[in-house]
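Asker: Dropping in data_35.cif, with mmCIF, C-alpha atoms (C1' of nucleotides).
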data_coords
loop_
_atom_site.label_atom_id
_atom_site.label_comp_id
_atom_site.auth_asym_id
_atom_site.auth_seq_id
_atom_site.Cartn_x
_atom_site.Cartn_y
_atom_site.Cartn_z
CA MET P 1 30.83 33.98 18.93
CA GLU P 2 32.96 31.49 17.08
CA ASN P 3 32.56 31.50 13.34
CA ALA P 4 32.60 28.85 10.62
CA ARG P 5 30.59 26.50 12.80
CA ARG P 6 29.05 23.46 11.30
CA LYS P 7 25.26 23.58 11.00
CA LEU P 8 23.44 20.46 12.11
CA THR P 9 19.93 19.66 10.92
CA ILE P 10 17.91 17.44 13.22
CA ALA P 11 14.55 16.22 11.94
CA SER P 12 11.64 14.12 13.14
CA PHE P 13 9.19 12.16 11.00
CA ASN P 14 6.35 9.86 12.03
CA VAL P 15 6.39 7.61 8.96
CA ASN P 16 3.34 5.44 9.84
CA SER P 17 5.16 2.26 8.77
CA LEU P 18 8.80 2.51 7.79
CA ARG P 19 8.78 -0.33 5.27
CA ILE P 20 5.96 1.11 3.19
CA ARG P 21 7.38 4.64 3.42
CA VAL P 22 10.96 3.99 2.28
CA PRO P 23 10.50 5.89 -1.03
CA HIS P 24 9.05 8.93 0.78
CA LEU P 25 11.71 8.85 3.46
CA LEU P 26 14.66 8.56 1.08
CA ALA P 27 13.38 11.25 -1.28
CA TRP P 28 12.84 13.64 1.62
CA MET P 29 16.25 12.82 3.15
CA LYS P 30 17.91 13.48 -0.18
CA ALA P 31 16.23 16.90 -0.39
CA ARG P 32 16.69 17.96 3.25
CA ALA P 33 20.01 16.21 3.93
CA PRO P 34 19.39 16.06 7.69
CA ASP P 35 22.29 15.12 9.95
CA VAL P 36 19.99 13.32 12.40
CA VAL P 37 16.58 11.77 11.70
CA LEU P 38 14.20 10.68 14.45
CA LEU P 39 11.52 8.28 13.22
CA GLN P 40 8.31 7.13 14.87
CA GLU P 41 5.73 4.45 14.12
CA ILE P 42 8.14 2.29 12.20
CA LYS P 43 5.59 -0.53 12.81
CA CYS P 44 8.07 -3.35 12.42
CA LEU P 45 10.60 -5.45 14.28
CA GLU P 46 14.19 -4.24 14.43
CA GLU P 47 15.26 -7.01 12.04
CA GLU P 48 12.66 -5.79 9.53
CA VAL P 49 14.08 -2.25 9.35
CA PRO P 50 15.22 -1.49 5.77
CA ARG P 51 18.79 -0.84 6.87
CA LEU P 52 20.57 -1.22 3.56
CA GLU P 53 18.57 1.53 1.88
CA ILE P 54 19.19 3.96 4.74
CA GLN P 55 22.83 3.02 5.25
CA GLY P 56 23.27 3.47 1.53
CA MET P 57 22.58 7.16 2.05
CA GLY P 58 25.38 7.33 4.59
CA TYR P 59 23.49 6.98 7.87
CA GLN P 60 24.00 4.81 10.92
CA VAL P 61 20.68 3.19 11.88
CA SER P 62 19.40 2.20 15.33
CA ALA P 63 15.85 1.16 16.14
CA VAL P 64 13.55 -0.15 18.84
CA GLY P 65 10.79 -2.12 17.16
CA MET P 66 7.68 -4.17 17.79
CA LYS P 67 5.57 -6.32 15.52
CA ALA P 68 3.11 -4.15 13.57
CA ARG P 69 2.80 -1.31 16.09
CA HIS P 70 4.68 1.72 17.42
CA GLY P 71 8.48 1.58 17.10
CA VAL P 72 11.10 4.31 16.89
CA ALA P 73 14.39 4.73 15.05
CA LEU P 74 17.37 7.05 15.04
CA LEU P 75 19.51 7.78 11.98
CA SER P 76 22.69 9.87 11.93
CA LYS P 77 25.49 10.74 9.55
CA LEU P 78 28.01 11.06 12.36
CA PRO P 79 28.36 7.92 14.50
CA HIS P 80 26.00 7.63 17.46
CA ARG P 81 26.03 5.52 20.61
CA VAL P 82 22.65 4.26 21.81
CA GLU P 83 22.30 4.95 25.53
CA LEU P 84 18.64 4.05 26.17
CA THR P 85 16.09 1.90 24.36
CA ALA P 86 13.18 2.63 26.70
CA LEU P 87 11.99 5.59 28.74
CA PRO P 88 13.04 5.02 32.36
CA GLY P 89 10.51 4.77 35.14
CA ASP P 90 8.40 1.69 34.39
CA ALA P 91 10.09 -1.66 33.83
CA ASN P 92 6.69 -3.13 32.86
CA ASP P 93 6.23 -0.77 29.92
CA GLY P 94 7.08 -2.93 26.91
CA GLU P 95 5.91 -0.58 24.16
CA ALA P 96 8.60 0.58 21.71
CA ARG P 97 8.36 4.33 22.13
CA TYR P 98 11.81 5.69 23.03
CA ILE P 99 15.40 5.59 21.87
CA GLU P 100 18.18 7.90 23.05
CA ALA P 101 21.70 8.27 21.68
CA VAL P 102 24.79 10.46 21.96
CA ILE P 103 26.82 11.91 19.10
CA ASP P 104 30.26 13.40 19.65
CA LEU P 105 30.71 16.79 17.97
CA PRO P 106 34.41 17.46 17.44
CA ASP P 107 33.96 21.24 17.19
CA ALA P 108 31.07 21.72 19.60
CA PRO P 109 31.08 24.64 22.02
CA HIS P 110 32.65 23.65 25.34
CA GLY P 111 33.17 20.13 23.93
CA ARG P 112 29.56 19.24 24.64
CA PRO P 113 28.14 16.18 22.89
CA LEU P 114 24.81 16.14 21.10
CA ARG P 115 22.20 13.97 22.80
CA VAL P 116 19.06 13.09 20.84
CA ALA P 117 15.98 11.03 21.56
CA SER P 118 13.19 9.82 19.28
CA ILE P 119 9.91 9.88 21.16
CA TYR P 120 6.57 8.29 20.29
CA LEU P 121 4.35 9.53 23.08
CA PRO P 122 1.12 7.54 23.60
CA ASN P 123 -1.98 8.85 21.85
CA GLY P 124 -4.22 8.28 24.90
CA ASN P 125 -7.62 8.05 23.24
CA PRO P 126 -10.29 7.55 24.35
CA ILE P 127 -9.85 9.66 27.47
CA SER P 128 -12.26 7.56 29.55
CA THR P 129 -9.95 4.53 29.34
CA ASP P 130 -6.66 3.39 30.79
CA LYS P 131 -5.03 4.49 27.53
CA PHE P 132 -5.29 8.07 28.75
CA THR P 133 -3.95 7.10 32.17
CA TYR P 134 -0.99 5.47 30.42
CA LYS P 135 -0.40 8.61 28.34
CA LEU P 136 -0.31 10.86 31.41
CA ALA P 137 1.94 8.45 33.31
CA TRP P 138 4.27 8.28 30.30
CA MET P 139 4.41 12.07 30.23
CA ASP P 140 5.23 12.14 33.94
CA ARG P 141 8.09 9.72 33.27
CA LEU P 142 9.30 11.91 30.41
CA ILE P 143 9.27 14.98 32.66
CA ALA P 144 11.28 13.12 35.31
CA HIS P 145 13.80 11.87 32.73
CA ALA P 146 14.12 15.29 31.08
CA ARG P 147 14.83 16.81 34.50
CA GLU P 148 17.76 14.40 34.92
CA LEU P 149 19.05 14.91 31.38
CA LEU P 150 19.03 18.69 31.72
CA LYS P 151 21.47 18.43 34.62
CA ARG P 152 24.08 17.32 32.09
CA GLU P 153 23.94 20.73 30.35
CA GLU P 154 24.32 19.04 26.96
CA ILE P 155 23.08 20.00 23.52
CA LEU P 156 19.88 17.96 23.86
CA VAL P 157 17.03 17.43 21.42
CA LEU P 158 14.01 15.44 22.58
CA GLY P 159 12.09 15.11 19.34
CA GLY P 160 9.20 13.13 18.01
CA ASP P 161 5.47 12.58 17.88
CA TYR P 162 4.34 13.98 21.21
CA ASN P 163 0.64 13.47 20.46
CA VAL P 164 0.08 16.84 22.14
CA CYS P 165 -1.47 19.99 20.68
CA PRO P 166 0.18 22.50 23.04
CA THR P 167 -2.52 25.16 22.64
CA ASP P 168 -5.77 25.75 20.75
CA GLU P 169 -3.69 27.51 18.07
CA ASP P 170 -2.26 24.10 17.16
CA VAL P 171 -5.69 22.66 16.29
CA PHE P 172 -7.86 23.14 13.20
CA ASP P 173 -11.13 22.79 15.14
CA THR P 174 -11.09 23.07 18.91
CA VAL P 175 -14.73 22.00 19.24
CA ALA P 176 -14.17 18.83 17.24
CA MET P 177 -11.07 18.08 19.35
CA ALA P 178 -12.47 19.09 22.74
CA ASP P 179 -12.70 15.53 24.07
CA ASP P 180 -9.52 14.32 22.42
CA ALA P 181 -6.57 13.15 24.51
CA LEU P 182 -4.22 15.38 22.49
CA CYS P 183 -5.91 18.56 23.76
CA GLN P 184 -6.89 17.80 27.36
CA PRO P 185 -5.85 20.25 30.09
CA ALA P 186 -3.98 17.44 31.87
CA THR P 187 -2.08 16.68 28.66
CA ARG P 188 -1.20 20.31 28.03
CA GLN P 189 -0.19 20.87 31.64
CA ARG P 190 2.38 18.09 31.33
CA PHE P 191 3.68 19.45 28.03
CA ARG P 192 4.08 22.87 29.65
CA ALA P 193 5.92 21.19 32.53
CA LEU P 194 8.58 20.22 29.98
CA THR P 195 8.89 23.85 28.92
CA HIS P 196 9.03 24.95 32.56
CA LEU P 197 12.07 22.72 32.99
CA GLY P 198 13.75 24.81 30.32
CA LEU P 199 13.03 22.85 27.14
CA VAL P 200 12.25 25.05 24.13
CA ASP P 201 9.80 24.12 21.36
CA ALA P 202 12.14 24.82 18.42
CA PHE P 203 9.51 25.37 15.76
CA HIS P 204 7.28 27.54 17.93
CA ALA P 205 10.21 29.64 19.12
CA LEU P 206 10.89 30.80 15.55
CA HIS P 207 7.41 30.47 14.01
CA PRO P 208 4.77 31.41 16.59
CA GLU P 209 2.04 32.00 14.01
CA PRO P 210 -1.07 29.88 14.68
CA HIS P 211 -2.35 26.95 12.60
CA GLN P 212 0.86 25.40 11.31
CA TYR P 213 0.42 21.66 11.28
CA THR P 214 2.50 18.48 11.18
CA PHE P 215 -0.39 15.98 10.95
CA TRP P 216 -3.51 15.78 8.81
CA ASP P 217 -5.98 12.92 9.23
CA TYR P 218 -6.37 10.72 6.18
CA GLN P 219 -10.13 11.07 6.49
CA ALA P 220 -12.59 13.76 5.45
CA GLY P 221 -10.22 15.62 3.15
CA ARG P 222 -8.26 17.08 6.03
CA TRP P 223 -5.08 17.60 4.00
CA GLN P 224 -6.88 19.28 1.12
CA ARG P 225 -8.59 21.65 3.58
CA ASP P 226 -5.42 22.18 5.64
CA GLU P 227 -7.31 20.95 8.70
CA GLY P 228 -4.53 19.49 10.81
CA LEU P 229 -2.78 19.37 14.15
CA ARG P 230 0.67 20.41 15.36
CA ILE P 231 1.72 17.39 17.41
CA ASP P 232 5.30 16.68 16.35
CA HIS P 233 7.85 18.71 18.30
CA LEU P 234 11.60 19.18 18.71
CA MET P 235 12.28 20.18 22.32
CA LEU P 236 15.67 21.78 22.96
CA SER P 237 17.76 22.11 26.08
CA PRO P 238 19.03 25.65 26.81
CA GLN P 239 22.41 24.65 25.38
CA ALA P 240 20.71 23.54 22.16
CA ALA P 241 18.37 26.53 22.05
CA ASP P 242 21.37 28.85 22.23
CA LEU P 243 22.45 27.36 18.89
CA LEU P 244 19.02 27.40 17.23
CA ASP P 245 19.42 28.81 13.75
CA ASP P 246 16.26 27.80 11.86
CA ALA P 247 13.29 25.43 12.02
CA GLY P 248 10.54 24.33 9.70
CA ILE P 249 7.89 21.88 8.59
CA ASP P 250 8.53 20.07 5.29
CA LYS P 251 5.15 19.57 3.66
CA GLU P 252 6.37 17.94 0.45
CA PRO P 253 6.23 14.32 1.76
CA ARG P 254 2.56 14.80 2.72
CA LYS P 255 1.74 15.78 -0.86
CA GLN P 256 3.02 12.51 -2.35
CA ASP P 257 0.98 9.44 -3.20
CA LYS P 258 0.42 7.08 -0.27
CA PRO P 259 1.89 9.52 2.28
CA SER P 260 2.24 9.22 6.02
CA ASP P 261 -0.44 11.22 7.83
CA HIS P 262 2.43 13.17 9.45
CA THR P 263 5.07 15.27 7.72
CA PRO P 264 8.67 15.96 8.87
CA ILE P 265 9.72 18.79 11.15
CA TRP P 266 13.31 19.95 11.48
CA CYS P 267 15.55 22.40 13.24
CA ARG P 268 19.04 23.61 12.45
CA LEU P 269 21.66 24.17 15.12
CA ALA P 270 24.84 26.19 14.62
CA ALA P 271 26.82 23.48 16.36
"C1'" DA K 272 -22.16 9.54 11.83
"C1'" DT K 273 -21.13 3.17 15.16
"C1'" DG K 274 -19.05 7.13 8.98
"C1'" DC K 275 -14.85 9.12 6.52
"C1'" DC K 276 -8.73 6.61 5.53
"C1'" DT K 277 -4.62 3.71 6.02
"C1'" DA K 278 -1.54 -0.17 7.58
"C1'" DA K 279 -0.70 -4.65 9.58
"C1'" DC K 280 -2.13 -9.19 10.33
"C1'" DA K 281 -4.82 -12.41 9.35
"C1'" DC K 282 -7.75 -14.11 6.18
"C1'" DC K 283 -11.63 -12.41 2.91
"C1'" DG K 284 -12.68 -9.02 8.54
"C1'" DT K 285 -10.51 -6.85 12.77
"C1'" DT K 286 -7.71 -3.62 15.35
"C1'" DA K 287 -5.43 0.65 15.91
"C1'" DG K 288 -4.28 5.10 14.91
"C1'" DA K 289 -5.04 10.68 16.06
#
Output the structure of this file as structure tokens.
Answerer:
Amino acid sequence: MENARRKLTIASFNVNSLRIRVPHLLAWMKARAPDVVLLQEIKCLEEEVPRLEIQGMGYQVSAVGMKARHGVALLSKLPHRVELTALPGDANDGEARYIEAVIDLPDAPHGRPLRVASIYLPNGNPISTDKFTYKLAWMDRLIAHARELLKREEILVLGGDYNVCPTDEDVFDTVAMADDALCQPATRQRFRALTHLGLVDAFHALHPEPHQYTFWDYQAGRWQRDEGLRIDHLMLSPQAADLLDDAGIDKEPRKQDKPSDHTPIWCRLAA
DNA sequence: ATGCCTAACACCGTTAGA
């Protein structure tokens, strides 16, 4: 084991509109000081991203946006190179749900780069509609792409809003969620397929206790009752999992006024 | 509970989210 390694914090946050959440995002970034931030639901065009505020904190900013809906972004202190702005496998899929970039790590083990992706996986509700079909097809494309990426043997983090509760332990009320796209057997089977490829759920690997959530619905006092879902995940390649040092859920942003309905998750790699 | 809450866009309501 080499010593005096740098520790890299990689975080994911579904902000539910980037422009309206700038104060929450910057306050949280100041407190957590993440090296890489993966954002989802920026809900704006790329030219509407509040770049100056984020760059002012010392981050390079890349984004894939749409008007009013979806949208992902990737922020990093070290320079990154964007390699993909859409998930491969369907040229007709125009929804802004994926961005992938590479960051060179000067002192990384075996000279491996860090590869990160910000993922906004389709919600898929209601399950009787083509929205659920789209979700499952998107997951199949993600599995196929992950299989290719893993061949590179890089330090890889596929992070974001997966819109998947991996097990019943990730749900506040399994009866209430029984017909929800986030909890369907077909959804969970595809999420497990990612783990079968060798991807590790960073938070769950270190904190397997049930009922730890990253999302609480705005409605019905879900936050106050701690009735939430664990749907945001950081999935690590074996080379990243070897370096996994810590992981957590930062609840402070969800406590603020006018919060996102999600809160950030993070992991720390001894890279 | 066709409900609850929030954001965007358009427009004084509708759509979408999870």
Asker: Got a sec to pull out which chain K residues are within 9 Å of chain P, counting all atoms listed in the file, and send them as a short mmCIF file (atom, residue, chain, number, x, y, z; two decimals) with C-alpha atoms (C1' of nucleotides), in the frame of the given file?
Answerer:
data_model
loop_
_atom_site.label_atom_id
_atom_site.label_comp_id
_atom_site.auth_asym_id
_atom_site.auth_seq_id
_atom_site.Cartn_x
_atom_site.Cartn_y
_atom_site.Cartn_z
"C1'" DC K 275 -14.85 9.12 6.52
"C1'" DC K 276 -8.73 6.61 5.53
"C1'" DT K 277 -4.62 3.71 6.02
"C1'" DA K 278 -1.54 -0.17 7.58
"C1'" DA K 279 -0.70 -4.65 9.58
"C1'" DC K 280 -2.13 -9.19 10.33
"C1'" DA K 287 -5.43 0.65 15.91
"C1'" DG K 288 -4.28 5.10 14.91
"C1'" DA K 289 -5.04 10.68 16.06
#
Asker: Given the file above and the PyMOL selection byres ((chain P and resi 94-107) around 6), which residues are selected, and can you give them as a list of chain:residue names?
Answerer: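 Checked against the file, the PyMOL selection byres ((chain P and resi 94-107) around 6) matches P:Val64, P:Gly65, P:His70, P:Gly71, P:Val72, P:His80, P:Arg81, P:Val82, P:Glu83, P:Leu84, P:Thr85, P:Ala86, P:Leu87, P:Asn92, P:Asp93, P:Ala108, P:Pro113, P:Leu114, P:Arg115, P:Val116, P:Ala117, P:Ser118, P:Ile119, P:Tyr120.
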Asker: Go ahead and compute the interatomic distance for atom CA of Gln40 of chain P and atom CA of Gly111 of chain P, in Å to one decimal.
Answerer: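 Taking atom CA of Gln40 of chain P and atom CA of Gly111 of chain P, their separation equals 29.5 Å.
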Asker: If you apply the PyMOL selection byres ((chain P and resi 264) around 6) to this file, what residues do you get, as a list in words?
Answerer: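 On this input, the PyMOL selection byres ((chain P and resi 264) around 6) captures Ser12, Phe13, Ile249, Asp250, Thr263 and Ile265 of chain P.
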Asker: Rounded to one decimal place, report the atom CA of Glu41 of chain P-atom CA of Gln224 of chain P distance in Å.
Answerer: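 Atom CA of Gln224 of chain P lies at a distance of 23.4 Å from atom CA of Glu41 of chain P.
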Asker: Record the distance separating atom CA of Ile127 of chain P and atom CA of Leu18 of chain P, expressed in Å with one decimal.
Answerer: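 If I compute the distance from atom CA of Ile127 of chain P to atom CA of Leu18 of chain P, I get 28.0 Å.
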Asker: Near segment 197-202 of chain P, counting all atoms listed in the file, which residues have an atom at most 6 Å away, once you skip same-chain residues fewer than 4 positions from it, shown as JSON, numbers by chain?
Answerer: {"P": [234, 235, 236, 237]}
Asker: Once you have the residues from the selection above, write them out as a short mmCIF file (atom, residue, chain, number, x, y, z; two decimals), in the frame of the given file, restricted to C-alpha atoms.
Answerer:
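Generated output (out_7.cif):
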data_model
loop_
_atom_site.label_atom_id
_atom_site.label_comp_id
_atom_site.auth_asym_id
_atom_site.auth_seq_id
_atom_site.Cartn_x
_atom_site.Cartn_y
_atom_site.Cartn_z
CA LEU P 234 11.60 19.18 18.71
CA MET P 235 12.28 20.18 22.32
CA LEU P 236 15.67 21.78 22.96
CA SER P 237 17.76 22.11 26.08
#
Asker: Give me the residues near Asp170 of chain P as a list in words, where near means some atom within 9 Å (using all atoms listed in the file) and where sequence neighbours in that chain fewer than 4 positions away do not count.
Answerer: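 In the requested format, the answer is Cys165, Pro166, Pro210, His211, Gln212, Tyr213, Gly228, Leu229, Arg230 and Ile231 of chain P.
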Asker: For those residues, write C-alpha atoms to a file as a tab-separated table (two decimals), in the coordinates of the input.
Answerer:
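That gives us selection.tsv:
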chain	number	residue	atom	x	y	z
P	165	CYS	CA	-1.47	19.99	20.68
P	166	PRO	CA	0.18	22.50	23.04
P	210	PRO	CA	-1.07	29.88	14.68
P	211	HIS	CA	-2.35	26.95	12.60
P	212	GLN	CA	0.86	25.40	11.31
P	213	TYR	CA	0.42	21.66	11.28
P	228	GLY	CA	-4.53	19.49	10.81
P	229	LEU	CA	-2.78	19.37	14.15
P	230	ARG	CA	0.67	20.41	15.36
P	231	ILE	CA	1.72	17.39	17.41
Asker: Quick one: axis-aligned box around all listed atoms of segment 162-172 of chain P, 5 Å on every side, centre and edge lengths in Å to one decimal, written as AutoDock Vina command-line options.
Answerer:
--center_x -1.8 --center_y 20.5 --center_z 18.1 --size_x 22.2 --size_y 24.0 --size_z 19.8
Asker: If I only have part of segment 40-68 of chain P, can you fill in N, CA and C atoms and write it as a JSON list (two decimals), in the frame of the given file?
Answerer:
[["chain", "number", "residue", "atom", "x", "y", "z"],
["P", 40, "GLN", "N", 9.30, 7.76, 13.99],
["P", 40, "GLN", "CA", 8.31, 7.13, 14.87],
["P", 40, "GLN", "C", 7.34, 6.30, 14.04],
["P", 41, "GLU", "N", 6.67, 5.39, 14.74],
["P", 41, "GLU", "CA", 5.73, 4.45, 14.12],
["P", 41, "GLU", "C", 6.37, 3.71, 12.95],
["P", 42, "ILE", "N", 7.53, 3.10, 13.24],
["P", 42, "ILE", "CA", 8.14, 2.29, 12.20],
["P", 42, "ILE", "C", 7.34, 1.00, 11.97],
["P", 43, "LYS", "N", 6.56, 0.58, 12.95],
["P", 43, "LYS", "CA", 5.59, -0.53, 12.81],
["P", 43, "LYS", "C", 6.22, -1.83, 12.32],
["P", 44, "CYS", "N", 7.44, -2.09, 12.79],
["P", 44, "CYS", "CA", 8.07, -3.35, 12.42],
["P", 44, "CYS", "C", 9.10, -3.74, 13.49],
["P", 45, "LEU", "N", 9.54, -4.98, 13.41],
["P", 45, "LEU", "CA", 10.60, -5.45, 14.28],
["P", 45, "LEU", "C", 11.93, -4.84, 13.84],
["P", 46, "GLU", "N", 12.88, -4.82, 14.77],
["P", 46, "GLU", "CA", 14.19, -4.24, 14.43],
["P", 46, "GLU", "C", 14.81, -4.94, 13.22],
["P", 47, "GLU", "N", 14.65, -6.27, 13.16],
["P", 47, "GLU", "CA", 15.26, -7.01, 12.04],
["P", 47, "GLU", "C", 14.55, -6.76, 10.72],
["P", 48, "GLU", "N", 13.40, -6.12, 10.76],
["P", 48, "GLU", "CA", 12.66, -5.79, 9.53],
["P", 48, "GLU", "C", 12.94, -4.38, 9.03],
["P", 49, "VAL", "N", 13.74, -3.61, 9.77],
["P", 49, "VAL", "CA", 14.08, -2.25, 9.35],
["P", 49, "VAL", "C", 14.88, -2.30, 8.04],
["P", 50, "PRO", "N", 14.49, -1.50, 7.06],
["P", 50, "PRO", "CA", 15.22, -1.49, 5.77],
["P", 50, "PRO", "C", 16.56, -0.76, 5.89],
["P", 51, "ARG", "N", 17.51, -1.46, 6.53],
["P", 51, "ARG", "CA", 18.79, -0.84, 6.87],
["P", 51, "ARG", "C", 19.63, -0.50, 5.65],
["P", 52, "LEU", "N", 19.65, -1.42, 4.69],
["P", 52, "LEU", "CA", 20.57, -1.22, 3.56],
["P", 52, "LEU", "C", 20.26, 0.06, 2.80],
["P", 53, "GLU", "N", 18.96, 0.33, 2.61],
["P", 53, "GLU", "CA", 18.57, 1.53, 1.88],
["P", 53, "GLU", "C", 19.02, 2.79, 2.62],
["P", 54, "ILE", "N", 18.87, 2.78, 3.94],
["P", 54, "ILE", "CA", 19.19, 3.96, 4.74],
["P", 54, "ILE", "C", 20.70, 4.10, 4.90],
["P", 55, "GLN", "N", 21.36, 2.99, 5.16],
["P", 55, "GLN", "CA", 22.83, 3.02, 5.25],
["P", 55, "GLN", "C", 23.44, 3.44, 3.93],
["P", 56, "GLY", "N", 22.79, 3.09, 2.86],
["P", 56, "GLY", "CA", 23.27, 3.47, 1.53],
["P", 56, "GLY", "C", 23.32, 4.96, 1.31],
["P", 57, "MET", "N", 22.54, 5.70, 2.11],
["P", 57, "MET", "CA", 22.58, 7.16, 2.05],
["P", 57, "MET", "C", 23.58, 7.74, 3.04],
["P", 58, "GLY", "N", 24.31, 6.86, 3.73],
["P", 58, "GLY", "CA", 25.38, 7.33, 4.59],
["P", 58, "GLY", "C", 24.98, 7.53, 6.04],
["P", 59, "TYR", "N", 23.97, 6.82, 6.50],
["P", 59, "TYR", "CA", 23.49, 6.98, 7.87],
["P", 59, "TYR", "C", 23.69, 5.72, 8.69],
["P", 60, "GLN", "N", 24.06, 5.90, 9.94],
["P", 60, "GLN", "CA", 24.00, 4.81, 10.92],
["P", 60, "GLN", "C", 22.56, 4.68, 11.39],
["P", 61, "VAL", "N", 22.08, 3.46, 11.56],
["P", 61, "VAL", "CA", 20.68, 3.19, 11.88],
["P", 61, "VAL", "C", 20.58, 2.44, 13.19],
["P", 62, "SER", "N", 19.76, 2.95, 14.12],
["P", 62, "SER", "CA", 19.40, 2.20, 15.33],
["P", 62, "SER", "C", 17.89, 2.27, 15.50],
["P", 63, "ALA", "N", 17.31, 1.20, 16.03],
["P", 63, "ALA", "CA", 15.85, 1.16, 16.14],
["P", 63, "ALA", "C", 15.43, 0.34, 17.36],
["P", 64, "VAL", "N", 14.24, 0.67, 17.86],
["P", 64, "VAL", "CA", 13.55, -0.15, 18.84],
["P", 64, "VAL", "C", 12.20, -0.48, 18.22],
["P", 65, "GLY", "N", 11.99, -1.74, 17.91],
["P", 65, "GLY", "CA", 10.79, -2.12, 17.16],
["P", 65, "GLY", "C", 9.86, -3.03, 17.92],
["P", 66, "MET", "N", 8.69, -3.22, 17.34],
["P", 66, "MET", "CA", 7.68, -4.17, 17.79],
["P", 66, "MET", "C", 7.01, -4.70, 16.53],
["P", 67, "LYS", "N", 6.33, -5.82, 16.65],
["P", 67, "LYS", "CA", 5.57, -6.32, 15.52],
["P", 67, "LYS", "C", 4.36, -5.42, 15.27],
["P", 68, "ALA", "N", 4.31, -4.83, 14.10],
["P", 68, "ALA", "CA", 3.11, -4.15, 13.57],
["P", 68, "ALA", "C", 2.75, -2.80, 14.20]]
